[in-house]
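Asker: You'll find protein_35.pdb just under this line, and it carries PDB, C-alpha atoms.
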```pdb
ATOM      1  CA  GLU A1093       0.000   0.000   0.000
ATOM      2  CA  ALA A1094       2.881   2.387   0.758
ATOM      3  CA  GLU A1095       4.244   1.836  -2.735
ATOM      4  CA  ARG A1096       0.852   2.576  -4.220
ATOM      5  CA  LEU A1097       0.620   5.804  -2.218
ATOM      6  CA  ALA A1098       4.083   6.838  -3.347
ATOM      7  CA  ARG A1099       2.987   6.677  -6.991
ATOM      8  CA  MET A1100      -0.061   8.879  -6.436
ATOM      9  CA  ASP A1101      -0.173  12.588  -7.106
ATOM     10  CA  ALA A1102      -1.578  15.003  -4.517
ATOM     11  CA  ASP A1103      -5.188  14.773  -5.767
ATOM     12  CA  GLU A1104      -5.107  10.979  -5.841
ATOM     13  CA  LYS A1105      -3.681  10.857  -2.323
ATOM     14  CA  HIS A1106      -6.363  13.231  -1.101
ATOM     15  CA  ARG A1107      -9.125  11.124  -2.681
ATOM     16  CA  TYR A1108      -7.604   7.942  -1.284
ATOM     17  CA  GLU A1109      -7.403   9.417   2.217
ATOM     18  CA  LEU A1110     -11.026  10.554   1.990
ATOM     19  CA  GLU A1111     -12.098   7.085   0.903
ATOM     20  CA  GLN A1112     -10.238   5.533   3.827
ATOM     21  CA  ARG A1113     -11.842   7.962   6.276
ATOM     22  CA  GLU A1114     -15.270   7.214   4.830
ATOM     23  CA  LYS A1115     -14.670   3.477   5.298
ATOM     24  CA  VAL A1116     -13.703   4.044   8.931
ATOM     25  CA  ILE A1117     -16.785   6.189   9.524
ATOM     26  CA  GLU A1118     -19.056   3.616   7.865
ATOM     27  CA  GLU A1119     -17.582   0.845  10.005
ATOM     28  CA  ARG A1120     -18.073   2.884  13.184
ATOM     29  CA  GLU A1121     -21.647   3.701  12.208
ATOM     30  CA  LYS A1122     -22.282   0.001  11.615
ATOM     31  CA  GLU A1123     -20.797  -0.887  15.016
ATOM     32  CA  LEU A1124     -22.901   1.806  16.702
ATOM     33  CA  ALA A1125     -26.080   0.629  14.975
ATOM     34  CA  LEU A1126     -25.343  -2.935  16.019
ATOM     35  CA  ALA A1127     -24.772  -1.879  19.639
ATOM     36  CA  GLU A1128     -28.005   0.133  19.660
ATOM     37  CA  ASN A1129     -29.925  -2.732  18.058
ATOM     38  CA  LYS A1130     -28.445  -5.189  20.542
ATOM     39  CA  ALA A1131     -29.757  -3.091  23.431
ATOM     40  CA  GLU A1132     -33.169  -2.787  21.784
ATOM     41  CA  CYS A1133     -33.218  -6.488  20.954
ATOM     42  CA  SER A1134     -32.471  -7.366  24.578
ATOM     43  CA  LYS A1135     -35.463  -5.293  25.675
ATOM     44  CA  ILE A1136     -37.726  -6.972  23.127
ATOM     45  CA  LEU A1137     -36.596 -10.471  24.073
ATOM     46  CA  ALA A1138     -37.064  -9.728  27.772
ATOM     47  CA  SER A1139     -40.570  -8.385  27.127
ATOM     48  CA  LYS A1140     -41.435 -11.624  25.318
ATOM     49  CA  GLY A1141     -40.079 -13.774  28.137
ATOM     50  CA  ILE A1142     -37.134 -15.027  26.099
ATOM     51  CA  SER A1143     -33.662 -15.147  27.601
ATOM     52  CA  THR A1144     -31.518 -12.167  26.651
ATOM     53  CA  ASP A1145     -28.600 -14.606  26.431
ATOM     54  CA  LEU A1146     -29.930 -15.345  22.941
ATOM     55  CA  VAL A1147     -29.566 -11.757  21.734
ATOM     56  CA  ASP A1148     -26.465 -12.503  19.643
ATOM     57  CA  PHE A1149     -28.434 -15.066  17.654
ATOM     58  CA  VAL A1150     -31.019 -12.551  16.471
ATOM     59  CA  VAL A1151     -29.441  -9.093  16.522
ATOM     60  CA  ASP A1152     -28.667  -7.482  13.171
ATOM     61  CA  VAL A1153     -27.627  -4.072  11.871
ATOM     62  CA  ASP A1154     -30.855  -3.960   9.870
ATOM     63  CA  ALA A1155     -33.884  -3.463  12.135
ATOM     64  CA  ASP A1156     -36.265  -5.345   9.810
ATOM     65  CA  THR A1157     -33.962  -8.368   9.665
ATOM     66  CA  MET A1158     -33.568  -8.258  13.427
ATOM     67  CA  GLN A1159     -37.342  -8.192  13.937
ATOM     68  CA  ALA A1160     -37.753 -11.129  11.563
ATOM     69  CA  ASN A1161     -35.089 -13.028  13.515
ATOM     70  CA  ILE A1162     -36.872 -12.268  16.790
ATOM     71  CA  ASN A1163     -40.152 -13.495  15.344
ATOM     72  CA  LEU A1164     -38.533 -16.745  14.176
ATOM     73  CA  LEU A1165     -36.932 -17.285  17.572
ATOM     74  CA  GLN A1166     -40.197 -16.591  19.367
ATOM     75  CA  LYS A1167     -42.053 -19.028  17.102
ATOM     76  CA  ALA A1168     -39.451 -21.760  17.648
ATOM     77  CA  PHE A1169     -39.381 -21.080  21.377
ATOM     78  CA  THR A1170     -43.165 -21.232  21.662
ATOM     79  CA  GLU A1171     -43.352 -24.442  19.627
ATOM     80  CA  SER A1172     -40.633 -26.115  21.681
ATOM     81  CA  VAL A1173     -42.379 -25.218  24.936
ATOM     82  CA  ARG A1174     -45.691 -26.581  23.660
ATOM     83  CA  ALA A1175     -44.200 -29.805  22.244
ATOM     84  CA  PRO A1176     -44.761 -32.871  24.398
ATOM     85  CA  ALA A1177     -41.666 -34.129  26.140
ATOM     86  CA  SER A1178     -40.224 -37.186  24.469
ATOM     87  CA  PRO A1179     -39.167 -40.096  26.665
ATOM     88  CA  MET A1180     -35.448 -40.409  27.208
ATOM     89  CA  ASP A1181     -33.768 -43.673  26.265
TER      90      ASP A1181
END
```
Please go through the file and, once you have read it, give me the structure as structure tokens.
Answerer:
Amino acid sequence: EAERLARMDADEKHRYELEQREKVIEEREKELALAENKAECSKILASKGISTDLVDFVVDVDADTMQANINLLQKAFTESVRAPASPMD
């Protein structure tokens, strides 16, 4: 990468630096959104009576995807609770 930078003129270096900064900002925004969604997801799971230990299985950066994951987990959880216990061998 240093060699590539050395071959760039001033404008190219400036553009490259801006691109790198934008990537860092986007990554931080993604991390922040994930942290915020994780907190929100924990609240939702708790309100539904589902262990918040499962938050990492359903949290997502995208709120719609996260909600769909929560719904799937809740459905599976409800079905497993309702299912009759099978005898152990």
Asker: Find the residues around Ile1136 in chain A up to 12 Å (only C-alpha atoms counted), leave out those fewer than 4 positions away in its own chain, and share them as a list in words.
Answerer: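 Returned residues: Asn1129, Lys1130, Ala1131, Glu1132, Lys1140, Gly1141, Ile1142, Ser1143, Thr1144, Leu1146, Val1147, Val1150, Val1151, Met1158, Gln1159, Asn1161, Ile1162, Asn1163, Leu1165 and Gln1166 of chain A.
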Asker: Quick check, in Å to one decimal: how far apart do CA of Phe1149 in chain A and CA of Leu1164 in chain A lie?
Answerer: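 Answer for the CA of Phe1149 in chain A to CA of Leu1164 in chain A separation: 10.8 Å.
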Asker: Which is closer to Glu1128 in chain A than all the others in A:Asp1154, A:Glu1109, A:Glu1114, A:Glu1093, using all atoms listed in the file?
Answerer: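 Among the listed residues, the smallest separation from Glu1128 in chain A belongs to A:Asp1154.
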Asker: If the box runs along x, y and z of the file and leaves 8 Å on each side of range 1158-1168 of chain A, what are its centre and edge lengths in Å, one decimal, as JSON?
Answerer:
```
{"center_x": -37.8, "center_y": -15.0, "center_z": 15.5, "size_x": 24.5, "size_y": 29.6, "size_z": 23.8}
```
Asker: I'd like the interatomic distance between CA of Val1153 in chain A and CA of Phe1169 in chain A, to a tenth of an Å.
Answerer: 22.8 Å
